[in-house]
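Peer 1: Got final.cif for you, mmCIF, C-alpha atoms and all ligand atoms:
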data_input
#
loop_
_atom_site.group_PDB
_atom_site.id
_atom_site.type_symbol
_atom_site.label_atom_id
_atom_site.label_comp_id
_atom_site.auth_asym_id
_atom_site.auth_seq_id
_atom_site.Cartn_x
_atom_site.Cartn_y
_atom_site.Cartn_z
ATOM 1 C CA MET O 1 -33.282 115.511 18.932
ATOM 2 C CA SER O 2 -33.772 115.753 22.679
ATOM 3 C CA PRO O 3 -35.269 119.001 23.926
ATOM 4 C CA ALA O 4 -33.016 121.857 25.064
ATOM 5 C CA ILE O 5 -35.345 122.412 28.009
ATOM 6 C CA ASP O 6 -37.554 119.687 29.466
ATOM 7 C CA VAL O 7 -39.690 120.550 32.492
ATOM 8 C CA ARG O 8 -42.061 117.997 34.027
ATOM 9 C CA GLY O 9 -44.342 118.524 36.969
ATOM 10 C CA LEU O 10 -42.274 121.379 38.357
ATOM 11 C CA ARG O 11 -43.551 122.533 41.707
ATOM 12 C CA VAL O 12 -42.038 125.344 43.792
ATOM 13 C CA SER O 13 -43.432 126.296 47.186
ATOM 14 C CA PHE O 14 -42.227 128.928 49.589
ATOM 15 C CA GLY O 15 -43.602 127.636 52.881
ATOM 16 C CA ALA O 16 -47.341 127.251 52.430
ATOM 17 C CA HIS O 17 -47.318 129.416 49.281
ATOM 18 C CA THR O 18 -47.182 127.296 46.110
ATOM 19 C CA VAL O 19 -45.918 129.465 43.251
ATOM 20 C CA LEU O 20 -45.480 126.840 40.530
ATOM 21 C CA ASP O 21 -47.945 123.989 40.680
ATOM 22 C CA GLY O 22 -47.093 121.326 38.134
ATOM 23 C CA LEU O 23 -45.350 123.179 35.320
ATOM 24 C CA ASP O 24 -44.742 121.183 32.121
ATOM 25 C CA LEU O 25 -42.912 122.502 29.101
ATOM 26 C CA GLU O 26 -40.530 121.451 26.360
ATOM 27 C CA VAL O 27 -38.346 123.756 24.285
ATOM 28 C CA ALA O 28 -36.592 122.475 21.154
ATOM 29 C CA PRO O 29 -32.962 123.310 20.360
ATOM 30 C CA GLY O 30 -32.707 126.653 18.541
ATOM 31 C CA GLU O 31 -36.214 127.679 19.506
ATOM 32 C CA VAL O 32 -37.068 131.119 20.929
ATOM 33 C CA PHE O 33 -39.575 130.490 23.711
ATOM 34 C CA ALA O 34 -41.355 133.252 25.616
ATOM 35 C CA LEU O 35 -42.954 132.804 29.025
ATOM 36 C CA LEU O 36 -45.702 135.309 29.713
ATOM 37 C CA GLY O 37 -47.622 135.869 32.884
ATOM 38 C CA PRO O 38 -48.923 138.629 35.121
ATOM 39 C CA ASN O 39 -46.789 140.115 37.885
ATOM 40 C CA GLY O 40 -46.119 137.492 40.520
ATOM 41 C CA ALA O 41 -47.094 134.563 38.270
ATOM 42 C CA GLY O 42 -43.760 132.862 38.925
ATOM 43 C CA LYS O 43 -41.741 133.657 35.781
ATOM 44 C CA THR O 44 -38.572 134.625 37.665
ATOM 45 C CA THR O 45 -39.046 131.650 39.985
ATOM 46 C CA ALA O 46 -39.180 129.329 36.953
ATOM 47 C CA ILE O 47 -36.039 130.893 35.447
ATOM 48 C CA SER O 48 -34.258 130.534 38.793
ATOM 49 C CA VAL O 49 -34.952 126.787 38.867
ATOM 50 C CA LEU O 50 -34.019 126.321 35.199
ATOM 51 C CA THR O 51 -30.697 128.115 35.767
ATOM 52 C CA THR O 52 -29.863 126.079 38.928
ATOM 53 C CA LEU O 53 -30.195 129.064 41.278
ATOM 54 C CA LEU O 54 -33.234 127.693 43.127
ATOM 55 C CA ALA O 55 -34.125 124.121 44.075
ATOM 56 C CA ALA O 56 -37.473 122.747 42.958
ATOM 57 C CA THR O 57 -39.893 121.423 45.561
ATOM 58 C CA ALA O 58 -40.901 118.627 43.163
ATOM 59 C CA GLY O 59 -40.648 117.640 39.508
ATOM 60 C CA THR O 60 -37.781 117.179 37.060
ATOM 61 C CA VAL O 61 -35.987 119.817 35.016
ATOM 62 C CA ARG O 62 -33.408 119.032 32.345
ATOM 63 C CA VAL O 63 -31.544 121.828 30.551
ATOM 64 C CA ALA O 64 -29.062 121.232 27.697
ATOM 65 C CA GLY O 65 -29.321 117.515 28.370
ATOM 66 C CA HIS O 66 -28.540 117.602 32.096
ATOM 67 C CA ASP O 67 -30.618 117.485 35.244
ATOM 68 C CA VAL O 68 -30.500 120.802 37.113
ATOM 69 C CA SER O 69 -30.529 119.192 40.540
ATOM 70 C CA SER O 70 -28.123 116.282 40.010
ATOM 71 C CA ALA O 71 -25.764 117.961 37.473
ATOM 72 C CA PRO O 72 -25.932 121.729 38.098
ATOM 73 C CA VAL O 73 -22.309 122.320 37.058
ATOM 74 C CA GLU O 74 -22.905 120.645 33.690
ATOM 75 C CA VAL O 75 -25.970 122.836 33.181
ATOM 76 C CA ARG O 76 -24.201 126.066 34.203
ATOM 77 C CA ARG O 77 -21.403 125.377 31.740
ATOM 78 C CA ARG O 78 -23.922 125.424 28.870
ATOM 79 C CA ILE O 79 -26.160 128.356 29.746
ATOM 80 C CA ALA O 80 -26.077 132.116 30.219
ATOM 81 C CA LEU O 81 -28.461 134.286 32.207
ATOM 82 C CA THR O 82 -28.987 138.035 32.102
ATOM 83 C CA GLY O 83 -29.426 140.081 35.200
ATOM 84 C CA GLN O 84 -26.029 139.042 36.515
ATOM 85 C CA SER O 85 -25.179 142.611 37.572
ATOM 86 C CA ALA O 86 -23.081 141.104 40.333
ATOM 87 C CA ALA O 87 -20.669 140.054 37.596
ATOM 88 C CA VAL O 88 -20.001 143.693 36.623
ATOM 89 C CA ASP O 89 -16.936 145.183 38.332
ATOM 90 C CA ASP O 90 -17.485 148.923 38.949
ATOM 91 C CA MET O 91 -13.799 149.714 39.145
ATOM 92 C CA LEU O 92 -13.069 148.255 35.696
ATOM 93 C CA THR O 93 -13.917 149.802 32.342
ATOM 94 C CA ALA O 94 -16.588 148.323 30.081
ATOM 95 C CA THR O 95 -13.916 146.766 27.848
ATOM 96 C CA GLU O 96 -12.034 145.339 30.820
ATOM 97 C CA ASN O 97 -15.194 143.723 32.166
ATOM 98 C CA LEU O 98 -15.942 142.060 28.828
ATOM 99 C CA VAL O 99 -12.342 140.969 28.219
ATOM 100 C CA MET O 100 -12.076 139.532 31.718
ATOM 101 C CA LEU O 101 -15.219 137.436 31.269
ATOM 102 C CA GLY O 102 -14.026 136.316 27.835
ATOM 103 C CA ARG O 103 -10.672 135.206 29.284
ATOM 104 C CA LEU O 104 -12.388 133.415 32.195
ATOM 105 C CA SER O 105 -14.539 131.648 29.618
ATOM 106 C CA GLY O 106 -11.505 130.378 27.738
ATOM 107 C CA LEU O 107 -11.125 132.885 24.886
ATOM 108 C CA THR O 108 -7.610 133.892 23.803
ATOM 109 C CA PRO O 109 -6.616 137.501 24.689
ATOM 110 C CA ARG O 110 -7.049 138.494 21.062
ATOM 111 C CA ALA O 111 -10.447 136.809 20.706
ATOM 112 C CA ALA O 112 -11.608 138.292 24.015
ATOM 113 C CA ARG O 113 -10.655 141.820 22.871
ATOM 114 C CA ASP O 114 -12.340 141.366 19.485
ATOM 115 C CA ARG O 115 -15.495 140.027 21.093
ATOM 116 C CA ALA O 116 -15.527 142.937 23.579
ATOM 117 C CA ALA O 117 -15.252 145.534 20.793
ATOM 118 C CA GLU O 118 -17.973 143.807 18.764
ATOM 119 C CA LEU O 119 -20.385 143.674 21.716
ATOM 120 C CA LEU O 120 -19.690 147.280 22.749
ATOM 121 C CA ALA O 121 -20.589 148.371 19.223
ATOM 122 C CA ARG O 122 -23.704 146.160 19.172
ATOM 123 C CA PHE O 123 -24.983 147.683 22.404
ATOM 124 C CA SER O 124 -24.003 151.277 21.526
ATOM 125 C CA LEU O 125 -21.338 151.465 24.219
ATOM 126 C CA SER O 126 -18.263 152.047 22.042
ATOM 127 C CA ASP O 127 -17.965 155.662 23.211
ATOM 128 C CA ALA O 128 -17.901 154.482 26.806
ATOM 129 C CA ALA O 129 -15.559 151.550 26.190
ATOM 130 C CA ASP O 130 -12.735 152.923 28.315
ATOM 131 C CA LYS O 131 -14.801 154.548 31.054
ATOM 132 C CA ARG O 132 -15.084 152.962 34.447
ATOM 133 C CA VAL O 133 -18.456 151.339 34.991
ATOM 134 C CA LYS O 134 -19.021 153.300 38.212
ATOM 135 C CA THR O 135 -19.576 156.408 36.037
ATOM 136 C CA PHE O 136 -22.287 154.667 33.940
ATOM 137 C CA SER O 137 -25.974 155.597 33.914
ATOM 138 C CA GLY O 138 -28.521 152.921 34.818
ATOM 139 C CA GLY O 139 -29.332 152.270 31.158
ATOM 140 C CA MET O 140 -25.652 151.926 30.182
ATOM 141 C CA ARG O 141 -25.083 149.513 33.032
ATOM 142 C CA ARG O 142 -28.089 147.449 31.907
ATOM 143 C CA ARG O 143 -26.716 147.278 28.364
ATOM 144 C CA LEU O 144 -23.284 146.214 29.613
ATOM 145 C CA ASP O 145 -24.979 143.585 31.736
ATOM 146 C CA LEU O 146 -26.733 142.254 28.622
ATOM 147 C CA ALA O 147 -23.526 142.402 26.572
ATOM 148 C CA LEU O 148 -21.783 140.261 29.219
ATOM 149 C CA SER O 149 -24.293 137.461 28.729
ATOM 150 C CA PHE O 150 -23.338 137.308 25.042
ATOM 151 C CA VAL O 151 -19.548 137.020 25.510
ATOM 152 C CA VAL O 152 -19.588 133.291 25.003
ATOM 153 C CA VAL O 153 -22.373 131.909 22.858
ATOM 154 C CA PRO O 154 -24.289 129.584 25.184
ATOM 155 C CA GLU O 155 -26.325 126.517 24.254
ATOM 156 C CA VAL O 156 -29.297 127.968 26.110
ATOM 157 C CA LEU O 157 -29.726 131.654 26.883
ATOM 158 C CA PHE O 158 -32.112 132.783 29.630
ATOM 159 C CA LEU O 159 -33.373 136.356 29.561
ATOM 160 C CA ASP O 160 -35.620 137.554 32.390
ATOM 161 C CA GLU O 161 -37.455 140.631 31.077
ATOM 162 C CA PRO O 162 -34.450 141.578 28.953
ATOM 163 C CA THR O 163 -35.764 144.894 27.675
ATOM 164 C CA THR O 164 -37.286 146.292 30.854
ATOM 165 C CA GLY O 165 -35.636 149.648 31.510
ATOM 166 C CA VAL O 166 -33.882 149.628 28.134
ATOM 167 C CA ASP O 167 -34.440 152.519 25.712
ATOM 168 C CA PRO O 168 -36.213 151.773 22.393
ATOM 169 C CA ARG O 169 -33.037 151.950 20.306
ATOM 170 C CA SER O 170 -31.172 149.445 22.492
ATOM 171 C CA ARG O 171 -34.253 147.261 22.567
ATOM 172 C CA LEU O 172 -34.104 146.940 18.788
ATOM 173 C CA ASP O 173 -30.377 146.125 19.025
ATOM 174 C CA LEU O 174 -31.114 143.458 21.581
ATOM 175 C CA TRP O 175 -33.867 141.877 19.486
ATOM 176 C CA GLU O 176 -31.453 141.663 16.587
ATOM 177 C CA VAL O 177 -28.798 140.009 18.750
ATOM 178 C CA ILE O 178 -31.345 137.496 20.070
ATOM 179 C CA ARG O 179 -32.524 136.605 16.566
ATOM 180 C CA THR O 180 -28.959 136.229 15.316
ATOM 181 C CA LEU O 181 -28.097 133.898 18.194
ATOM 182 C CA ALA O 182 -31.234 131.823 17.652
ATOM 183 C CA ASP O 183 -30.544 131.552 13.924
ATOM 184 C CA ALA O 184 -27.079 130.224 14.820
ATOM 185 C CA GLY O 185 -28.671 127.510 16.977
ATOM 186 C CA THR O 186 -28.823 128.934 20.510
ATOM 187 C CA THR O 187 -32.040 128.148 22.378
ATOM 188 C CA VAL O 188 -33.544 131.277 23.931
ATOM 189 C CA PHE O 189 -35.916 131.257 26.910
ATOM 190 C CA LEU O 190 -37.232 134.682 27.760
ATOM 191 C CA THR O 191 -39.838 136.312 29.924
ATOM 192 C CA THR O 192 -41.367 139.605 28.987
ATOM 193 C CA GLN O 193 -44.093 142.009 29.968
ATOM 194 C CA TYR O 194 -44.259 143.267 26.401
ATOM 195 C CA LEU O 195 -46.579 140.881 24.655
ATOM 196 C CA GLU O 196 -45.663 142.494 21.365
ATOM 197 C CA GLU O 197 -42.072 141.501 22.046
ATOM 198 C CA ALA O 198 -43.052 137.843 22.390
ATOM 199 C CA ASP O 199 -45.115 138.206 19.229
ATOM 200 C CA LEU O 200 -42.155 139.536 17.244
ATOM 201 C CA LEU O 201 -39.403 137.340 18.665
ATOM 202 C CA ALA O 202 -40.790 134.060 19.858
ATOM 203 C CA ASP O 203 -41.392 130.890 17.886
ATOM 204 C CA ARG O 204 -43.664 129.746 20.708
ATOM 205 C CA VAL O 205 -45.297 131.439 23.662
ATOM 206 C CA ALA O 206 -46.520 129.909 26.925
ATOM 207 C CA ILE O 207 -48.915 131.680 29.231
ATOM 208 C CA LEU O 208 -48.375 131.121 32.952
ATOM 209 C CA ASP O 209 -51.258 131.646 35.321
ATOM 210 C CA GLY O 210 -52.158 130.119 38.663
ATOM 211 C CA GLY O 211 -48.841 128.231 38.776
ATOM 212 C CA ARG O 212 -49.466 126.346 35.532
ATOM 213 C CA ILE O 213 -49.087 126.808 31.806
ATOM 214 C CA VAL O 214 -52.610 127.618 30.657
ATOM 215 C CA GLU O 215 -51.795 127.754 26.948
ATOM 216 C CA THR O 216 -48.851 127.157 24.623
ATOM 217 C CA GLY O 217 -48.607 127.886 20.933
ATOM 218 C CA THR O 218 -47.171 130.064 18.231
ATOM 219 C CA PRO O 219 -48.184 133.726 18.526
ATOM 220 C CA ALA O 220 -50.464 133.127 15.522
ATOM 221 C CA GLN O 221 -52.135 130.113 17.189
ATOM 222 C CA LEU O 222 -52.760 132.058 20.379
ATOM 223 C CA LYS O 223 -54.231 134.925 18.425
ATOM 224 C CA ALA O 224 -56.457 132.495 16.541
ATOM 225 C CA LEU O 225 -57.933 131.439 19.892
ATOM 226 C CA VAL O 226 -59.467 134.855 20.279
ATOM 227 C CA GLY O 227 -60.718 135.051 16.718
ATOM 228 C CA SER O 228 -59.454 136.757 13.623
ATOM 229 C CA ASP O 229 -59.220 140.302 12.421
ATOM 230 C CA THR O 230 -62.072 142.689 12.983
ATOM 231 C CA VAL O 231 -63.159 145.338 10.493
ATOM 232 C CA VAL O 232 -63.907 148.574 12.321
ATOM 233 C CA LEU O 233 -66.046 151.268 10.731
ATOM 234 C CA HIS O 234 -65.404 154.775 11.987
ATOM 235 C CA GLY O 235 -67.746 157.697 11.555
ATOM 236 C CA PRO O 236 -66.854 161.363 11.749
ATOM 237 C CA ASP O 237 -64.639 162.251 14.746
ATOM 238 C CA ASP O 238 -63.369 158.663 14.755
ATOM 239 C CA VAL O 239 -66.431 157.410 16.575
ATOM 240 C CA VAL O 240 -66.755 153.625 16.131
ATOM 241 C CA LEU O 241 -69.924 152.808 14.186
ATOM 242 C CA ARG O 242 -69.624 149.051 13.801
ATOM 243 C CA GLU O 243 -67.206 146.209 14.435
ATOM 244 C CA ILE O 244 -67.505 143.247 12.080
ATOM 245 C CA PRO O 245 -65.512 140.078 12.787
ATOM 246 C CA THR O 246 -63.884 138.330 9.814
ATOM 247 C CA ASP O 247 -62.767 134.727 9.453
ATOM 248 C CA GLY O 248 -59.241 135.932 8.679
ATOM 249 C CA SER O 249 -59.333 134.964 4.981
ATOM 250 C CA VAL O 250 -59.063 137.380 2.073
ATOM 251 C CA ALA O 251 -62.411 136.145 0.738
ATOM 252 C CA GLY O 252 -63.982 136.697 4.151
ATOM 253 C CA LEU O 253 -62.613 140.216 4.320
ATOM 254 C CA ARG O 254 -63.993 140.946 0.838
ATOM 255 C CA ARG O 255 -67.445 139.698 1.891
ATOM 256 C CA VAL O 256 -67.391 142.009 4.907
ATOM 257 C CA LEU O 257 -66.340 144.981 2.804
ATOM 258 C CA ASP O 258 -69.098 144.165 0.288
ATOM 259 C CA GLN O 259 -71.643 144.377 3.107
ATOM 260 C CA ILE O 260 -70.651 147.929 3.836
ATOM 261 C CA ASP O 261 -72.651 150.339 1.751
ATOM 262 C CA ASP O 262 -72.955 154.072 1.654
ATOM 263 C CA THR O 263 -75.768 154.042 4.194
ATOM 264 C CA ASP O 264 -73.204 153.128 6.841
ATOM 265 C CA ALA O 265 -71.898 156.674 6.580
ATOM 266 C CA ALA O 266 -68.466 155.367 7.493
ATOM 267 C CA ALA O 267 -65.743 157.977 7.195
ATOM 268 C CA SER O 268 -63.000 155.381 7.428
ATOM 269 C CA VAL O 269 -62.360 151.677 7.819
ATOM 270 C CA THR O 270 -59.573 150.051 9.847
ATOM 271 C CA LEU O 271 -58.583 146.464 10.450
ATOM 272 C CA ARG O 272 -57.898 145.474 14.052
ATOM 273 C CA ARG O 273 -55.741 142.398 14.585
ATOM 274 C CA PRO O 274 -56.074 140.438 17.801
ATOM 275 C CA THR O 275 -53.128 141.153 20.074
ATOM 276 C CA LEU O 276 -51.559 138.882 22.637
ATOM 277 C CA ASP O 277 -53.239 141.150 25.176
ATOM 278 C CA ASP O 278 -56.575 139.889 23.868
ATOM 279 C CA VAL O 279 -55.287 136.327 24.241
ATOM 280 C CA PHE O 280 -54.197 136.986 27.779
ATOM 281 C CA LEU O 281 -57.517 138.509 28.711
ATOM 282 C CA SER O 282 -59.534 135.665 27.243
ATOM 283 C CA LEU O 283 -57.365 132.926 28.797
ATOM 284 C CA THR O 284 -56.755 134.262 32.280
ATOM 285 C CA GLY O 285 -59.777 136.496 32.701
ATOM 286 C CA ALA O 286 -57.537 139.316 33.815
ATOM 287 C CA PRO O 287 -55.834 142.118 31.968
ATOM 288 C CA ARG O 288 -52.128 142.550 32.399
ATOM 289 C CA ASP O 289 -50.986 144.887 35.138
ATOM 290 C CA ASP O 290 -48.727 146.669 32.759
ATOM 291 C CA ALA O 291 -50.421 147.549 29.491
ATOM 292 C CA ARG O 292 -47.690 149.819 28.194
ATOM 293 C CA ILE O 293 -46.748 149.225 24.585
ATOM 294 C CA PRO O 294 -43.247 150.035 23.411
ATOM 295 C CA GLN O 295 -43.484 153.113 21.191
ATOM 296 C CA GLU O 296 -41.724 151.820 18.136
ATOM 297 C CA ILE O 297 -43.950 148.791 17.716
ATOM 298 C CA ALA O 298 -47.189 150.318 18.911
HETATM 299 N N1 LIG D 1 -37.628 133.666 47.923
HETATM 300 C C1 LIG D 1 -38.959 133.795 48.015
HETATM 301 N N2 LIG D 1 -39.602 133.590 49.187
HETATM 302 C C2 LIG D 1 -40.948 133.688 49.278
HETATM 303 N N3 LIG D 1 -41.750 134.011 48.251
HETATM 304 C C3 LIG D 1 -41.182 134.235 47.063
HETATM 305 C C4 LIG D 1 -39.765 134.149 46.863
HETATM 306 N N4 LIG D 1 -39.492 134.408 45.559
HETATM 307 C C5 LIG D 1 -40.674 134.665 44.978
HETATM 308 N N5 LIG D 1 -41.694 134.560 45.860
HETATM 309 C C6 LIG D 1 -43.118 134.726 45.554
HETATM 310 O O1 LIG D 1 -43.417 133.935 44.441
HETATM 311 C C7 LIG D 1 -44.369 134.568 43.588
HETATM 312 C C8 LIG D 1 -43.829 134.619 42.177
HETATM 313 O O2 LIG D 1 -42.741 135.519 42.105
HETATM 314 P P1 LIG D 1 -41.890 135.724 40.785
HETATM 315 O O3 LIG D 1 -40.859 136.744 41.074
HETATM 316 O O4 LIG D 1 -41.424 134.401 40.284
HETATM 317 O O5 LIG D 1 -42.986 136.289 39.788
HETATM 318 P P2 LIG D 1 -42.799 136.942 38.337
HETATM 319 O O6 LIG D 1 -43.757 136.253 37.445
HETATM 320 O O7 LIG D 1 -41.370 136.924 37.955
HETATM 321 O O8 LIG D 1 -43.300 138.422 38.569
HETATM 322 P P3 LIG D 1 -42.820 139.819 37.860
HETATM 323 O O9 LIG D 1 -43.605 139.930 36.582
HETATM 324 O O10 LIG D 1 -43.246 140.853 38.847
HETATM 325 O O11 LIG D 1 -41.342 139.759 37.669
HETATM 326 C C9 LIG D 1 -44.641 135.929 44.210
HETATM 327 O O12 LIG D 1 -45.836 135.824 44.945
HETATM 328 C C10 LIG D 1 -43.463 136.144 45.134
HETATM 329 O O13 LIG D 1 -43.832 136.926 46.227
HETATM 330 MG MG MG D 2 -39.995 138.401 37.471
#
Starting from the file, lay out its structure as structure tokens.
Peer 2:
Amino acid sequence: MSPAIDVRGLRVSFGAHTVLDGLDLEVAPGEVFALLGPNGAGKTTAISVLTTLLAATAGTVRVAGHDVSSAPVEVRRRIALTGQSAAVDDMLTATENLVMLGRLSGLTPRAARDRAAELLARFSLSDAADKRVKTFSGGMRRRLDLALSFVVVPEVLFLDEPTTGVDPRSRLDLWEVIRTLADAGTTVFLTTQYLEEADLLADRVAILDGGRIVETGTPAQLKALVGSDTVVLHGPDDVVLREIPTDGSVAGLRRVLDQIDDTDAAASVTLRRPTLDDVFLSLTGAPRDDARIPQEIA
């Protein structure tokens, strides 16, 4: 099967400033792919090229089987992108916005209404269904914006930091919607600042730094690059007495635990798993700018 996204040698320069410098990546149909990188790495720039909104300086990009520069209309017909706030009409209600987009996308009036009601429920907006969008809070508007990108199930869905500014409850709803879509065959390409989000959602993760992909793999493979679990011995007052690396196997863990004897005076033992933050630090030599961890998965 040909890839849903095929990027070769993508270069994007703004004047003398080269943002993407030979980007290569392939995403299989139905895969959830997360692009991670520090602020300013070029994630949004990459999404803009992949969604036909920005022309590449060099390289080839094919999405859903079509070239973004020679067949942009064919590509647009098969994709959806979040962050299209411009598509939200303030003077219409939430339902009207969703129904209108459904009708424009070829749904029957009945199907468009059903889809609108389903999405409003999914994104906890049912109570606000008949309110004009101009009365919405920022968070409600963001959720409606996300709901709009799910009106018609696209072949490839692009989400640029989909959960930034979204409350924890809606974030869980969104993750569920993304997984459901992917299970039904939609390819999902997302960027996120929450490495834990990539860990939970993505089949594969690519790390963007210095205009190139510096590493690609499953979350587990990337974690393996920075070693396995570490046994941490805590003394009284939670002070860390010792950290003992394991090889990740049950037998290895047992050997480590056997080494601990009463003379260690350990009050408690915890197991620390490598996080994608550790991966990022070891690959790029820099911590992320934003080290916040969403509460519910911390
Ligand atoms: N239209 C433009 N003209 C000039 N420079 C631009 C333009 N768009 C982006 N840049 C520059 O390209 C670089 C990458 O920006 P981009 O928005 O793609 O990064 P990002 O990875 O999405 O960052 P963030 O995590 O903050 O969203 C930045 O240095 C930015 O200033
Ligand atoms: Mg961005």
Peer 1: Within 7 Å of ligand LIG 1 (chain D), which residues of chain O show up? Give each one with its shortest atom-to-atom distance in Å (one decimal) and the two atoms involved, counting all atoms listed in the file, rows by chain then rising residue number, as a Markdown table.
Peer 2:
| residue | atom | partner | partner_atom | distance |
| --- | --- | --- | --- | --- |
| O:Phe14 | CA | D:LIG1 | C2 | 4.9 |
| O:Val19 | CA | D:LIG1 | O1 | 5.3 |
| O:Gly37 | CA | D:LIG1 | O6 | 6.0 |
| O:Pro38 | CA | D:LIG1 | O9 | 5.7 |
| O:Asn39 | CA | D:LIG1 | O9 | 3.4 |
| O:Gly40 | CA | D:LIG1 | O5 | 3.4 |
| O:Ala41 | CA | D:LIG1 | O6 | 3.8 |
| O:Gly42 | CA | D:LIG1 | O4 | 3.1 |
| O:Lys43 | CA | D:LIG1 | O6 | 3.7 |
| O:Thr44 | CA | D:LIG1 | O7 | 3.6 |
| O:Thr45 | CA | D:LIG1 | O4 | 3.6 |
| O:Ala46 | CA | D:LIG1 | O4 | 6.5 |
| O:Gln193 | CA | D:LIG1 | O9 | 7.0 |
Peer 1: If the PyMOL selection byres (((chain O and resi 267) around 6) and not hetatm) were run on this exact file, what residues would it hold? Put them as a ChimeraX atom specification.
Peer 2: /O:234-236,266,268
Peer 1: Considering all atoms listed in the file, state which residue in the set O:Val250, O:Ala121, O:Met91, O:Ala58 is at the smallest distance from Arg143 of chain O.
Peer 2: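 Of all the options, O:Ala121 lies closest to Arg143 of chain O.
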Peer 1: For each of O:Ser170, O:Thr186, O:Ser126, O:Thr191, take the minimum atom-to-atom distance to ligand MG 2 (chain D), counting all atoms listed in the file, then give the residue where this is smallest.
Peer 2: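 With all atoms listed in the file as the atom set, the closest residue is O:Thr191.
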Peer 1: Check which residues satisfy the PyMOL selection byres (((chain O and resi 226) around 8) and not hetatm) in the file shown, then give them as a PyMOL selection string.
Peer 2: chain O and resi 222-225+227-228+274+278-279+282
Peer 1: Between O:Leu159, O:Leu276, O:Ala117, O:Leu10, which residue has the minimum interatomic distance to ligand MG 2 (chain D), considering all atoms listed in the file?
Peer 2: O:Leu159
Peer 1: Take atom CA of Leu157 of chain O and atom CA of Asp277 of chain O and report the distance between them in Å, one decimal.
Peer 2: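 Going from atom CA of Leu157 of chain O over to atom CA of Asp277 of chain O, I get 25.4 Å.
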Peer 1: So, with only C-alpha atoms and all ligand atoms as the atoms that count, which of O:Glu155, O:Asp90, O:Glu161, O:Asp145 lies closest to ligand MG 2 (chain D)?
Peer 2: O:Glu161
Peer 1: For ligand MG 2 (chain D), which residue among O:Val232, O:Val7, O:Leu190, O:Ile260 is the nearest when counting all atoms listed in the file?
Peer 2: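 Comparing O:Val232, O:Val7, O:Leu190, O:Ile260 against ligand MG 2 (chain D), the winner is O:Leu190.
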Peer 1: Enclose all atoms of segment 155-170 of chain O listed in the file in an axis-aligned box, grow every side by 5 Å, and hand back centre and edge lengths in Å to one decimal, as JSON.
Peer 2:
{"center_x": -31.9, "center_y": 139.5, "center_z": 26.3, "size_x": 21.1, "size_y": 36.0, "size_z": 22.1}
